[in-house]
$ cat work.txt   # compact mmCIF, C-alpha atoms and all ligand atoms
# COMPACT_ATOMS: atom_id res chain seq x y z
CA MET A 1 -19.94 -63.57 -18.97
CA ARG A 2 -21.19 -62.63 -22.40
CA GLN A 3 -24.20 -60.94 -20.79
CA THR A 4 -21.91 -58.84 -18.55
CA LEU A 5 -19.92 -57.71 -21.59
CA VAL A 6 -23.09 -56.68 -23.42
CA ILE A 7 -24.26 -54.68 -20.39
CA ARG A 8 -20.84 -53.02 -20.04
CA SER A 9 -20.73 -52.00 -23.68
CA ALA A 10 -24.29 -50.68 -23.44
CA ILE A 11 -23.30 -48.51 -20.46
CA THR A 12 -20.21 -47.27 -22.32
CA SER A 13 -22.24 -46.32 -25.36
CA VAL A 14 -24.79 -44.47 -23.18
CA LEU A 15 -21.94 -42.57 -21.48
CA LEU A 16 -20.41 -41.73 -24.86
CA THR A 17 -23.75 -40.39 -26.06
CA LEU A 18 -24.02 -38.31 -22.90
CA ARG A 19 -20.48 -36.86 -23.17
CA PRO A 20 -21.39 -33.82 -25.29
CA VAL A 21 -24.36 -33.15 -23.00
CA ARG A 22 -22.05 -33.31 -19.94
CA ALA A 23 -19.62 -30.97 -21.63
CA ARG A 24 -22.40 -28.48 -22.34
CA LEU A 25 -23.62 -28.65 -18.75
CA ASN A 26 -20.08 -27.77 -17.63
CA MET A 27 -19.96 -24.77 -19.94
CA VAL A 28 -19.45 -21.61 -17.99
CA LYS A 29 -21.00 -18.33 -19.04
CA THR A 30 -19.44 -14.98 -18.43
CA LYS A 31 -20.89 -11.49 -18.63
CA LYS A 32 -18.58 -8.77 -19.83
CA PHE A 33 -18.50 -5.18 -20.94
CA ILE A 34 -17.15 -4.49 -24.40
CA LEU A 35 -15.76 -1.10 -25.41
CA ALA A 36 -18.36 -0.47 -28.10
CA LYS A 37 -17.32 3.13 -28.87
CA HIS A 38 -14.32 5.22 -27.93
CA PHE A 39 -15.23 7.75 -25.27
CA GLN A 40 -15.71 11.29 -26.43
CA GLY A 41 -15.90 13.84 -23.66
CA GLU A 42 -17.52 12.32 -20.61
CA PRO A 43 -18.01 8.55 -21.07
CA LYS A 44 -21.60 7.46 -21.75
CA GLU A 45 -23.20 4.21 -20.65
CA SER A 46 -23.90 3.43 -24.31
CA ASP A 47 -20.13 3.42 -25.04
CA LEU A 48 -19.99 0.11 -23.18
CA GLN A 49 -22.00 -2.92 -24.18
CA LEU A 50 -22.89 -5.80 -21.89
CA VAL A 51 -22.57 -9.20 -23.59
CA GLU A 52 -22.72 -12.84 -22.53
CA GLU A 53 -20.26 -15.44 -23.70
CA GLU A 54 -19.58 -19.12 -23.13
CA LEU A 55 -16.12 -20.00 -21.89
CA PRO A 56 -14.19 -23.03 -23.15
CA PRO A 57 -12.72 -25.71 -20.87
CA LEU A 58 -9.49 -24.83 -19.08
CA LYS A 59 -6.12 -25.66 -20.58
CA ASP A 60 -3.04 -26.59 -18.54
CA GLY A 61 -1.79 -23.64 -16.50
CA GLU A 62 -5.13 -21.81 -16.60
CA ILE A 63 -7.49 -20.77 -13.83
CA LEU A 64 -11.14 -19.77 -13.87
CA CYS A 65 -11.82 -16.72 -11.71
CA GLU A 66 -15.12 -15.35 -10.54
CA ALA A 67 -15.15 -11.60 -9.96
CA VAL A 68 -15.92 -10.60 -6.38
CA TRP A 69 -14.87 -6.94 -6.43
CA LEU A 70 -14.11 -4.83 -9.50
CA SER A 71 -12.29 -1.54 -9.73
CA VAL A 72 -13.14 1.62 -11.63
CA ASP A 73 -10.13 3.90 -12.03
CA PRO A 74 -9.38 7.18 -13.79
CA TYR A 75 -6.66 5.66 -16.05
CA MET A 76 -9.36 3.67 -17.87
CA ARG A 77 -10.60 6.89 -19.49
CA PRO A 78 -7.35 7.99 -21.27
CA TYR A 79 -5.94 4.46 -21.67
CA THR A 80 -8.82 3.09 -23.75
CA ALA A 81 -8.22 5.77 -26.40
CA ARG A 82 -5.16 3.75 -27.47
CA LEU A 83 -7.03 0.43 -27.67
CA PRO A 84 -9.32 -0.84 -30.41
CA THR A 85 -13.09 -0.96 -29.94
CA GLY A 86 -14.49 -4.43 -29.35
CA ILE A 87 -12.05 -5.25 -26.56
CA THR A 88 -13.21 -6.30 -23.13
CA MET A 89 -13.12 -3.16 -21.01
CA ILE A 90 -9.84 -3.05 -19.09
CA GLY A 91 -9.52 -3.13 -15.33
CA SER A 92 -8.48 -5.01 -12.25
CA GLN A 93 -10.57 -7.18 -9.97
CA VAL A 94 -10.42 -9.39 -6.95
CA GLY A 95 -11.41 -12.80 -8.24
CA LYS A 96 -12.07 -16.11 -6.52
CA ILE A 97 -10.46 -19.12 -8.18
CA ILE A 98 -13.32 -21.53 -8.87
CA GLU A 99 -11.49 -23.96 -11.17
CA SER A 100 -7.78 -24.47 -11.62
CA ARG A 101 -5.24 -26.30 -13.74
CA ASN A 102 -2.38 -24.40 -12.15
CA LYS A 103 -0.81 -25.73 -8.94
CA GLY A 104 0.36 -22.28 -7.85
CA PHE A 105 -3.22 -20.94 -7.99
CA PRO A 106 -5.50 -23.40 -6.17
CA VAL A 107 -9.32 -23.36 -6.06
CA GLY A 108 -10.74 -21.23 -3.25
CA LYS A 109 -7.90 -18.69 -3.18
CA TYR A 110 -8.34 -15.06 -4.23
CA VAL A 111 -6.30 -13.24 -6.84
CA LEU A 112 -5.73 -9.66 -7.84
CA GLY A 113 -5.53 -9.45 -11.60
CA TYR A 114 -6.11 -7.17 -14.56
CA LEU A 115 -8.85 -9.46 -15.85
CA GLY A 116 -11.10 -6.78 -17.31
CA TRP A 117 -14.73 -5.98 -16.74
CA GLN A 118 -16.03 -9.53 -16.71
CA THR A 119 -17.72 -11.77 -14.19
CA LYS A 120 -15.79 -14.94 -15.01
CA THR A 121 -12.40 -15.13 -16.65
CA ILE A 122 -10.12 -17.86 -17.90
CA HIS A 123 -6.59 -16.74 -17.35
CA ASN A 124 -3.07 -18.10 -17.31
CA PRO A 125 -1.19 -16.14 -14.63
CA GLN A 126 2.13 -17.11 -16.20
CA GLN A 127 1.07 -15.93 -19.69
CA PRO A 128 -0.37 -12.44 -19.31
CA SER A 129 -2.39 -10.99 -22.19
CA SER A 130 -1.61 -7.64 -23.81
CA SER A 131 -4.18 -5.89 -21.60
CA THR A 132 -2.62 -7.26 -18.41
CA MET A 133 -0.98 -4.21 -16.86
CA ALA A 134 0.73 -6.10 -14.05
CA PRO A 135 1.14 -9.75 -13.06
CA THR A 136 -1.74 -11.57 -11.38
CA TYR A 137 -0.98 -12.49 -7.77
CA LEU A 138 -2.55 -14.42 -4.92
CA LEU A 139 -3.82 -12.03 -2.28
CA PRO A 140 -1.76 -12.03 0.89
CA ASP A 141 -3.58 -12.61 4.18
CA PHE A 142 -5.56 -9.48 5.02
CA GLY A 143 -6.74 -10.87 8.36
CA GLU A 144 -10.01 -9.19 9.33
CA LEU A 145 -9.74 -6.55 6.62
CA PRO A 146 -12.10 -6.78 3.61
CA LEU A 147 -10.82 -8.20 0.33
CA SER A 148 -12.02 -5.11 -1.56
CA LEU A 149 -9.06 -3.26 -0.06
CA ALA A 150 -6.87 -5.10 -2.58
CA LEU A 151 -8.23 -2.60 -5.11
CA GLY A 152 -7.57 0.39 -2.88
CA VAL A 153 -5.41 1.03 0.15
CA LEU A 154 -3.91 -2.48 -0.02
CA GLY A 155 -3.40 -2.46 -3.77
CA MET A 156 -2.46 -0.26 -6.69
CA PRO A 157 -3.81 3.08 -5.32
CA GLY A 158 -2.17 2.40 -1.95
CA ASN A 159 1.17 1.74 -3.57
CA THR A 160 0.74 4.77 -5.81
CA ALA A 161 0.46 6.89 -2.68
CA TYR A 162 3.22 5.05 -0.83
CA PHE A 163 5.90 4.94 -3.53
CA GLY A 164 4.79 7.87 -5.67
CA PHE A 165 4.81 10.24 -2.73
CA LEU A 166 7.67 8.95 -0.58
CA GLU A 167 10.12 8.12 -3.38
CA ILE A 168 9.57 11.22 -5.48
CA CYS A 169 8.74 13.91 -2.92
CA GLN A 170 11.17 12.63 -0.26
CA PRO A 171 9.20 14.53 2.42
CA LYS A 172 10.84 15.64 5.66
CA ALA A 173 9.11 16.28 8.98
CA GLY A 174 7.92 19.86 9.25
CA GLU A 175 7.58 20.38 5.49
CA VAL A 176 4.39 21.61 3.85
CA VAL A 177 2.69 19.16 1.48
CA VAL A 178 -0.17 19.97 -0.91
CA VAL A 179 -2.35 17.20 -2.38
CA SER A 180 -4.91 17.66 -5.15
CA GLY A 181 -7.66 15.10 -5.68
CA ALA A 182 -7.21 14.85 -1.93
CA ALA A 183 -10.37 12.91 -1.04
CA GLY A 184 -9.90 10.23 -3.70
CA ALA A 185 -8.37 6.76 -3.52
CA VAL A 186 -4.77 7.92 -3.91
CA GLY A 187 -4.96 11.49 -2.58
CA SER A 188 -6.60 10.57 0.73
CA LEU A 189 -3.72 8.16 1.42
CA VAL A 190 -0.97 10.55 0.33
CA GLY A 191 -2.22 13.19 2.78
CA GLN A 192 -2.28 10.68 5.63
CA ILE A 193 1.19 9.33 4.82
CA ALA A 194 2.43 12.92 4.83
CA ARG A 195 0.89 13.37 8.31
CA ILE A 196 2.55 10.14 9.49
CA LYS A 197 5.87 11.58 8.29
CA GLY A 198 5.31 14.72 10.36
CA CYS A 199 4.41 17.10 7.53
CA LYS A 200 1.78 19.82 7.43
CA VAL A 201 -0.87 18.78 4.89
CA ILE A 202 -3.16 20.90 2.72
CA GLY A 203 -5.74 19.21 0.50
CA PHE A 204 -7.99 20.29 -2.36
CA ALA A 205 -11.15 18.35 -3.14
CA GLY A 206 -14.41 18.93 -4.97
CA SER A 207 -17.13 19.13 -2.30
CA ASP A 208 -17.77 20.49 1.19
CA ASP A 209 -18.47 16.97 2.48
CA LYS A 210 -15.09 15.78 1.19
CA VAL A 211 -13.37 18.77 2.78
CA ARG A 212 -15.06 18.00 6.11
CA TRP A 213 -13.89 14.37 5.89
CA LEU A 214 -10.31 15.46 5.19
CA LYS A 215 -10.24 17.80 8.15
CA ASP A 216 -12.32 15.87 10.71
CA ASP A 217 -11.38 12.25 10.05
CA LEU A 218 -8.06 12.37 8.22
CA HIS A 219 -6.71 15.33 10.22
CA PHE A 220 -5.47 17.37 7.28
CA ASP A 221 -4.20 20.70 8.59
CA ALA A 222 -6.22 22.54 5.96
CA ALA A 223 -8.57 21.54 3.16
CA TYR A 224 -10.50 23.50 0.55
CA ASN A 225 -13.27 22.93 -1.95
CA TYR A 226 -11.53 23.95 -5.17
CA LYS A 227 -14.91 24.53 -6.82
CA LYS A 228 -15.68 27.32 -4.34
CA THR A 229 -12.30 28.59 -3.20
CA ASP A 230 -9.61 30.30 -5.22
CA VAL A 231 -6.49 28.09 -4.94
CA ASP A 232 -4.09 31.04 -4.84
CA THR A 233 -5.97 32.68 -1.95
CA ALA A 234 -6.23 29.36 -0.11
CA LEU A 235 -2.47 28.77 -0.32
CA LYS A 236 -1.66 32.30 0.81
CA GLU A 237 -3.74 31.52 3.88
CA ALA A 238 -2.69 27.90 4.58
CA ALA A 239 0.92 27.99 3.38
CA PRO A 240 2.18 31.54 3.98
CA ASN A 241 5.78 30.26 4.01
CA GLY A 242 5.41 28.26 0.80
CA VAL A 243 4.94 24.64 -0.26
CA ASP A 244 7.73 22.03 -0.18
CA CYS A 245 6.02 19.03 -1.79
CA TYR A 246 3.11 18.80 -4.20
CA PHE A 247 1.41 15.52 -5.05
CA ASP A 248 -0.48 16.26 -8.26
CA ASN A 249 -3.50 14.15 -9.20
CA VAL A 250 -5.30 16.67 -11.35
CA GLY A 251 -2.96 18.87 -13.45
CA GLY A 252 -4.20 21.97 -15.26
CA VAL A 253 -4.63 25.45 -13.86
CA MET A 254 -4.81 24.31 -10.23
CA SER A 255 -1.39 22.71 -10.49
CA SER A 256 0.20 25.72 -12.17
CA THR A 257 -1.10 27.80 -9.25
CA VAL A 258 0.32 25.40 -6.67
CA LEU A 259 3.69 25.46 -8.45
CA SER A 260 3.80 29.24 -8.12
CA HIS A 261 3.70 28.74 -4.32
CA MET A 262 6.57 26.24 -4.14
CA ASN A 263 9.63 26.86 -2.02
CA PRO A 264 13.13 26.63 -3.50
CA ARG A 265 14.14 23.01 -4.20
CA GLY A 266 10.53 21.86 -3.82
CA ARG A 267 9.50 18.47 -5.20
CA ILE A 268 6.45 17.72 -7.35
CA SER A 269 5.21 14.18 -7.88
CA VAL A 270 3.06 14.09 -11.02
CA CYS A 271 0.66 11.22 -10.51
CA GLY A 272 -2.15 12.13 -12.90
CA SER A 273 -4.01 14.93 -14.64
CA ILE A 274 -7.66 13.99 -14.27
CA SER A 275 -8.82 17.54 -14.99
CA SER A 276 -8.11 16.87 -18.67
CA TYR A 277 -9.01 13.16 -19.06
CA ASN A 278 -12.34 13.93 -20.70
CA ALA A 279 -10.78 16.48 -23.06
CA ASP A 280 -9.99 15.84 -26.72
CA ALA A 281 -6.38 14.53 -26.74
CA LYS A 282 -5.64 16.77 -29.77
CA GLN A 283 -6.96 19.88 -28.02
CA LEU A 284 -5.85 19.58 -24.42
CA PRO A 285 -6.67 22.59 -22.23
CA SER A 286 -3.83 25.01 -21.58
CA ALA A 287 -2.62 26.28 -18.21
CA PRO A 288 -0.14 29.01 -17.16
CA VAL A 289 3.45 28.03 -17.96
CA VAL A 290 5.31 26.46 -15.05
CA GLN A 291 8.89 26.77 -16.31
CA PRO A 292 9.65 30.07 -14.52
CA SER A 293 8.80 28.43 -11.18
CA LEU A 294 10.77 25.31 -12.09
CA VAL A 295 13.86 27.28 -13.09
CA PHE A 296 14.01 30.08 -10.55
CA LYS A 297 13.08 27.86 -7.59
CA GLU A 298 15.09 24.91 -8.87
CA LEU A 299 12.11 22.58 -8.50
CA LYS A 300 12.17 18.87 -9.23
CA MET A 301 9.08 17.61 -11.05
CA GLU A 302 8.79 13.92 -11.89
CA GLY A 303 6.02 11.80 -13.35
CA PHE A 304 5.70 8.12 -12.60
CA ILE A 305 3.74 4.95 -13.23
CA VAL A 306 3.27 2.96 -10.05
CA HIS A 307 4.35 -0.29 -11.70
CA ARG A 308 7.90 1.09 -11.61
CA TRP A 309 7.92 -0.39 -8.09
CA LEU A 310 6.59 -3.86 -8.97
CA ASP A 311 9.69 -5.42 -7.43
CA ARG A 312 8.79 -3.79 -4.08
CA TRP A 313 5.01 -4.28 -4.41
CA MET A 314 4.47 -6.31 -1.24
CA GLU A 315 6.59 -3.92 0.83
CA GLY A 316 4.05 -1.17 0.09
CA ILE A 317 1.06 -3.41 0.77
CA HIS A 318 2.42 -4.66 4.11
CA GLN A 319 3.32 -1.15 5.26
CA MET A 320 -0.13 0.18 4.33
CA LYS A 321 -1.74 -2.81 6.08
CA ASP A 322 0.21 -2.10 9.27
CA TRP A 323 -0.81 1.55 9.19
CA VAL A 324 -4.48 0.59 8.66
CA LYS A 325 -4.36 -1.97 11.47
CA ASN A 326 -2.72 0.53 13.84
CA LYS A 327 -5.42 3.03 12.88
CA GLU A 328 -2.80 5.46 11.61
CA LEU A 329 -4.46 5.30 8.20
CA VAL A 330 -8.17 5.68 7.62
CA TYR A 331 -9.73 4.47 4.37
CA ARG A 332 -13.12 4.88 2.79
CA GLU A 333 -14.77 3.07 -0.11
CA THR A 334 -17.66 4.13 -2.30
CA VAL A 335 -19.35 0.86 -3.20
CA THR A 336 -21.63 0.34 -6.21
CA GLU A 337 -23.65 -2.87 -6.05
CA GLY A 338 -23.96 -5.11 -9.12
CA PHE A 339 -21.71 -5.87 -12.07
CA GLU A 340 -24.28 -4.37 -14.45
CA ASN A 341 -23.65 -1.00 -12.80
CA MET A 342 -19.94 -0.84 -13.71
CA PRO A 343 -20.46 1.96 -16.28
CA LYS A 344 -22.46 4.03 -13.76
CA ALA A 345 -19.71 3.59 -11.15
CA PHE A 346 -17.04 4.55 -13.67
CA ILE A 347 -18.84 7.68 -14.86
CA GLY A 348 -19.70 8.61 -11.27
CA MET A 349 -16.05 8.31 -10.18
CA LEU A 350 -14.92 10.60 -13.01
CA ARG A 351 -17.59 13.10 -11.91
CA GLY A 352 -16.32 13.04 -8.33
CA GLU A 353 -19.19 11.05 -6.80
CA ASN A 354 -16.74 8.87 -4.87
CA THR A 355 -15.00 9.54 -1.59
CA GLY A 356 -11.99 7.28 -1.17
CA LYS A 357 -11.84 4.27 -3.50
CA ALA A 358 -14.64 3.58 -5.99
CA VAL A 359 -15.32 -0.17 -6.18
CA VAL A 360 -18.05 -2.40 -7.57
CA LYS A 361 -19.38 -5.44 -5.73
CA ALA A 362 -20.11 -8.08 -8.37
P1 LIG B 1 -10.01 9.21 -7.32
O1 LIG B 1 -9.30 10.44 -6.86
O2 LIG B 1 -10.51 8.27 -6.31
O3 LIG B 1 -11.25 9.59 -8.25
C1 LIG B 1 -11.17 10.57 -9.19
C2 LIG B 1 -11.44 11.96 -8.58
O4 LIG B 1 -10.95 12.96 -9.44
C3 LIG B 1 -12.91 12.29 -8.43
O5 LIG B 1 -13.48 11.76 -7.27
C4 LIG B 1 -12.92 13.80 -8.43
O6 LIG B 1 -12.84 14.30 -7.09
C5 LIG B 1 -11.57 14.16 -9.13
N1 LIG B 1 -11.82 14.95 -10.34
C6 LIG B 1 -12.62 14.65 -11.38
N2 LIG B 1 -12.60 15.64 -12.29
C7 LIG B 1 -11.76 16.58 -11.79
C8 LIG B 1 -11.34 17.86 -12.26
N3 LIG B 1 -11.74 18.35 -13.43
N4 LIG B 1 -10.49 18.57 -11.49
C9 LIG B 1 -10.07 18.09 -10.30
N5 LIG B 1 -10.43 16.88 -9.80
C10 LIG B 1 -11.27 16.14 -10.55
O7 LIG B 1 -9.07 8.44 -8.33
P2 LIG B 1 -7.63 7.82 -8.01
O8 LIG B 1 -7.66 6.42 -8.42
O9 LIG B 1 -7.24 8.18 -6.64
O10 LIG B 1 -6.70 8.59 -9.03
C11 LIG B 1 -6.30 9.93 -8.77
C12 LIG B 1 -5.27 10.35 -9.82
O11 LIG B 1 -4.13 9.52 -9.73
C13 LIG B 1 -5.77 10.25 -11.25
O12 LIG B 1 -5.23 11.31 -11.99
C14 LIG B 1 -5.16 8.94 -11.72
O13 LIG B 1 -5.02 8.89 -13.11
C15 LIG B 1 -3.84 8.97 -11.00
N6 LIG B 1 -3.20 7.68 -10.79
C16 LIG B 1 -1.94 7.53 -11.28
C17 LIG B 1 -1.24 6.38 -11.06
C18 LIG B 1 0.16 6.28 -11.57
O14 LIG B 1 0.73 5.19 -11.56
N7 LIG B 1 0.75 7.38 -12.02
C19 LIG B 1 -1.84 5.32 -10.37
C20 LIG B 1 -3.14 5.51 -9.85
C21 LIG B 1 -3.81 6.70 -10.07
P3 LIG B 1 -13.27 15.80 -6.71
O15 LIG B 1 -14.65 15.69 -6.16
O16 LIG B 1 -12.26 16.18 -5.69
O17 LIG B 1 -13.22 16.64 -7.95
$ encode --input "work.txt" --output "structure tokens" --more "lines below"
Ligand code: NAP
Amino acid sequence: MRQTLVIRSAITSVLLTLRPVRARLNMVKTKKFILAKHFQGEPKESDLQLVEEELPPLKDGEILCEAVWLSVDPYMRPYTARLPTGITMIGSQVGKIIESRNKGFPVGKYVLGYLGWQTKTIHNPQQPSSSTMAPTYLLPDFGELPLSLALGVLGMPGNTAYFGFLEICQPKAGEVVVVSGAAGAVGSLVGQIARIKGCKVIGFAGSDDKVRWLKDDLHFDAAYNYKKTDVDTALKEAAPNGVDCYFDNVGGVMSSTVLSHMNPRGRISVCGSISSYNADAKQLPSAPVVQPSLVFKELKMEGFIVHRWLDRWMEGIHQMKDWVKNKELVYRETVTEGFENMPKAFIGMLRGENTGKAVVKA
């Protein structure tokens, strides 16, 4: 009896000695990109610094996610100007839950969350951090479709096209719709939704290959390379009777020109102004005034942030999924391999190297 007790206590003391070692073995390391310097002009790879960090054990309510797909988006360029250096670079990702202390988010499921540019993240979905732009959610069943689409057509860009175009432009069959940034994540979907709604669609994009894709695969009625073609001349040719809806991704001179072609009571959905994202915020480029067009043609111009429609989020995703499955919507992704290449993918997307959605495979 006494011998058994001695053995038991010896085992306990060995286990106690091992406890810190076990804890260390369980330690999880993450790689992440820190915003080392605010971007000036075009972002440089050296503005972002790759670091490694150990993550603590999970607390109640938390999950540990492993990045599977990460997004690079235009908003990251202007948005970071308002944030301090030293933060983890902002962004959304599709993450796999690999550890969980939250019953609503079990191990093995996938989430969409604004978890930043990091490979592994501890996160409490019910207690979002200040950099969380929208709530983390479990991905709905995509069937055969790839999970990366949660960052594109079946995610934020898809809903930007769906709500931002339909709610603000209120297009009617037979109307003429112009889309700038037309071969990108959002623009390529807006043009196709406009076609589904029976509109005539004209797109502007930055290369001949993109223009070919818009015309041949997405069936735009007309498409132009804005780097080679004068926008005014193009619209005189493609929209001789004027433009009813304009979905604006780029802003600047191109948009002022499109506005001068609008029909009375036309609608303009202002989604973004990427043509000026690399400019100094205190010295933004100027463009011809648009007020005469707005006043004399009684135009309606409205900006939006897609998260306005958070309460209808899944409606957009399910509708886009149905259109993709029925082959009414075509999508394309430009995939960069490797987490370490996030900065390259980001810079490339801002330069126009992507067609469709730019994503990174971790
Ligand atoms: P994207 O179009 O897939 O990628 C960015 C594209 O912008 C590039 O491929 C490039 O295409 C184009 N671009 C770069 N510099 C340009 C310039 N100087 N002039 C004209 N085009 C230029 O990106 P996205 O995610 O679909 O976003 C498109 C726009 O929507 C952005 O302005 C973004 O900020 C905005 N957005 C807004 C919301 C919202 O809630 N309001 C949500 C999502 C996105 P080219 O080769 O054609 O130049």
$ axis_aligned_box --input "work.txt" --around "segment 165-174 of chain A" --padding-each-side "5 Å" --output "JSON"
{"center_x": 8.0, "center_y": 14.0, "center_z": 1.9, "size_x": 16.4, "size_y": 21.7, "size_z": 24.7}
$ atom_distance --input "work.txt" --atom1 "atom CA of Phe220 of chain A" --atom2 "atom CA of Ile305 of chain A"
25.7 Å
$ residues_near_ligand --input "work.txt" --ligand "ligand LIG 1 (chain B)" --cutoff "8 Å" --atoms "all atoms listed in the file" --output "NGL selection string"
:A and (72-75 or 156-157 or 160 or 164 or 180-188 or 204-207 or 210 or 225-226 or 248-251 or 270-276 or 303-307 or 349-358)
$ residues_around --input "work.txt" --residues "Val68 of chain A" --least-positions-apart "4" --cutoff "9 Å" --atoms "all atoms listed in the file" --output "PDB file with C-alpha atoms, in the frame of the given file"
ATOM      1  CA  GLN A  93     -10.570  -7.180  -9.970  1.00  0.00           C
ATOM      2  CA  VAL A  94     -10.420  -9.390  -6.950  1.00  0.00           C
ATOM      3  CA  GLY A  95     -11.410 -12.800  -8.240  1.00  0.00           C
ATOM      4  CA  LYS A  96     -12.070 -16.110  -6.520  1.00  0.00           C
ATOM      5  CA  THR A 119     -17.720 -11.770 -14.190  1.00  0.00           C
ATOM      6  CA  LEU A 147     -10.820  -8.200   0.330  1.00  0.00           C
ATOM      7  CA  SER A 148     -12.020  -5.110  -1.560  1.00  0.00           C
ATOM      8  CA  VAL A 360     -18.050  -2.400  -7.570  1.00  0.00           C
ATOM      9  CA  LYS A 361     -19.380  -5.440  -5.730  1.00  0.00           C
ATOM     10  CA  ALA A 362     -20.110  -8.080  -8.370  1.00  0.00           C
TER      11      ALA A 362
END
$ atom_distance --input "work.txt" --atom1 "atom CA of Lys37 of chain A" --atom2 "atom CA of Glu54 of chain A"
23.1 Å
$ decode --input "work.txt" --residues "segment 108-120 of chain A" --atoms "N, CA, C and O atoms" --output "PDB file, in the first residue's frame"
ATOM      1  N   GLY A 108     -12.736  22.322 -37.204  1.00  0.00           N
ATOM      2  CA  GLY A 108     -12.963  21.725 -38.523  1.00  0.00           C
ATOM      3  C   GLY A 108     -13.799  22.590 -39.442  1.00  0.00           C
ATOM      4  O   GLY A 108     -13.763  22.440 -40.649  1.00  0.00           O
ATOM      5  N   LYS A 109     -14.569  23.529 -38.861  1.00  0.00           N
ATOM      6  CA  LYS A 109     -15.391  24.424 -39.690  1.00  0.00           C
ATOM      7  C   LYS A 109     -14.517  25.567 -40.224  1.00  0.00           C
ATOM      8  O   LYS A 109     -13.439  25.843 -39.688  1.00  0.00           O
ATOM      9  N   TYR A 110     -15.045  26.242 -41.231  1.00  0.00           N
ATOM     10  CA  TYR A 110     -14.333  27.379 -41.826  1.00  0.00           C
ATOM     11  C   TYR A 110     -15.066  28.678 -41.521  1.00  0.00           C
ATOM     12  O   TYR A 110     -16.303  28.703 -41.510  1.00  0.00           O
ATOM     13  N   VAL A 111     -14.290  29.720 -41.270  1.00  0.00           N
ATOM     14  CA  VAL A 111     -14.897  31.030 -41.007  1.00  0.00           C
ATOM     15  C   VAL A 111     -14.413  32.043 -42.030  1.00  0.00           C
ATOM     16  O   VAL A 111     -13.356  31.886 -42.643  1.00  0.00           O
ATOM     17  N   LEU A 112     -15.203  33.095 -42.163  1.00  0.00           N
ATOM     18  CA  LEU A 112     -14.762  34.290 -42.875  1.00  0.00           C
ATOM     19  C   LEU A 112     -14.624  35.360 -41.810  1.00  0.00           C
ATOM     20  O   LEU A 112     -15.589  35.649 -41.090  1.00  0.00           O
ATOM     21  N   GLY A 113     -13.441  35.918 -41.676  1.00  0.00           N
ATOM     22  CA  GLY A 113     -13.253  36.926 -40.643  1.00  0.00           C
ATOM     23  C   GLY A 113     -12.193  37.938 -41.027  1.00  0.00           C
ATOM     24  O   GLY A 113     -11.305  37.657 -41.836  1.00  0.00           O
ATOM     25  N   TYR A 114     -12.311  39.121 -40.447  1.00  0.00           N
ATOM     26  CA  TYR A 114     -11.292  40.158 -40.642  1.00  0.00           C
ATOM     27  C   TYR A 114     -10.191  39.919 -39.610  1.00  0.00           C
ATOM     28  O   TYR A 114     -10.104  40.611 -38.607  1.00  0.00           O
ATOM     29  N   LEU A 115      -9.383  38.907 -39.859  1.00  0.00           N
ATOM     30  CA  LEU A 115      -8.395  38.454 -38.874  1.00  0.00           C
ATOM     31  C   LEU A 115      -7.010  39.022 -39.158  1.00  0.00           C
ATOM     32  O   LEU A 115      -6.077  38.767 -38.400  1.00  0.00           O
ATOM     33  N   GLY A 116      -6.881  39.770 -40.237  1.00  0.00           N
ATOM     34  CA  GLY A 116      -5.588  40.391 -40.542  1.00  0.00           C
ATOM     35  C   GLY A 116      -4.681  39.469 -41.324  1.00  0.00           C
ATOM     36  O   GLY A 116      -5.009  38.301 -41.572  1.00  0.00           O
ATOM     37  N   TRP A 117      -3.524  40.019 -41.678  1.00  0.00           N
ATOM     38  CA  TRP A 117      -2.554  39.240 -42.456  1.00  0.00           C
ATOM     39  C   TRP A 117      -1.767  38.368 -41.485  1.00  0.00           C
ATOM     40  O   TRP A 117      -0.645  38.687 -41.097  1.00  0.00           O
ATOM     41  N   GLN A 118      -2.343  37.291 -41.044  1.00  0.00           N
ATOM     42  CA  GLN A 118      -1.599  36.361 -40.201  1.00  0.00           C
ATOM     43  C   GLN A 118      -2.033  34.932 -40.454  1.00  0.00           C
ATOM     44  O   GLN A 118      -3.162  34.674 -40.846  1.00  0.00           O
ATOM     45  N   THR A 119      -1.085  34.016 -40.214  1.00  0.00           N
ATOM     46  CA  THR A 119      -1.337  32.616 -40.563  1.00  0.00           C
ATOM     47  C   THR A 119      -2.201  31.927 -39.517  1.00  0.00           C
ATOM     48  O   THR A 119      -2.983  31.049 -39.847  1.00  0.00           O
ATOM     49  N   LYS A 120      -2.035  32.308 -38.258  1.00  0.00           N
ATOM     50  CA  LYS A 120      -2.861  31.704 -37.202  1.00  0.00           C
ATOM     51  C   LYS A 120      -3.337  32.838 -36.295  1.00  0.00           C
ATOM     52  O   LYS A 120      -2.551  33.729 -35.952  1.00  0.00           O
TER      53      LYS A 120
END
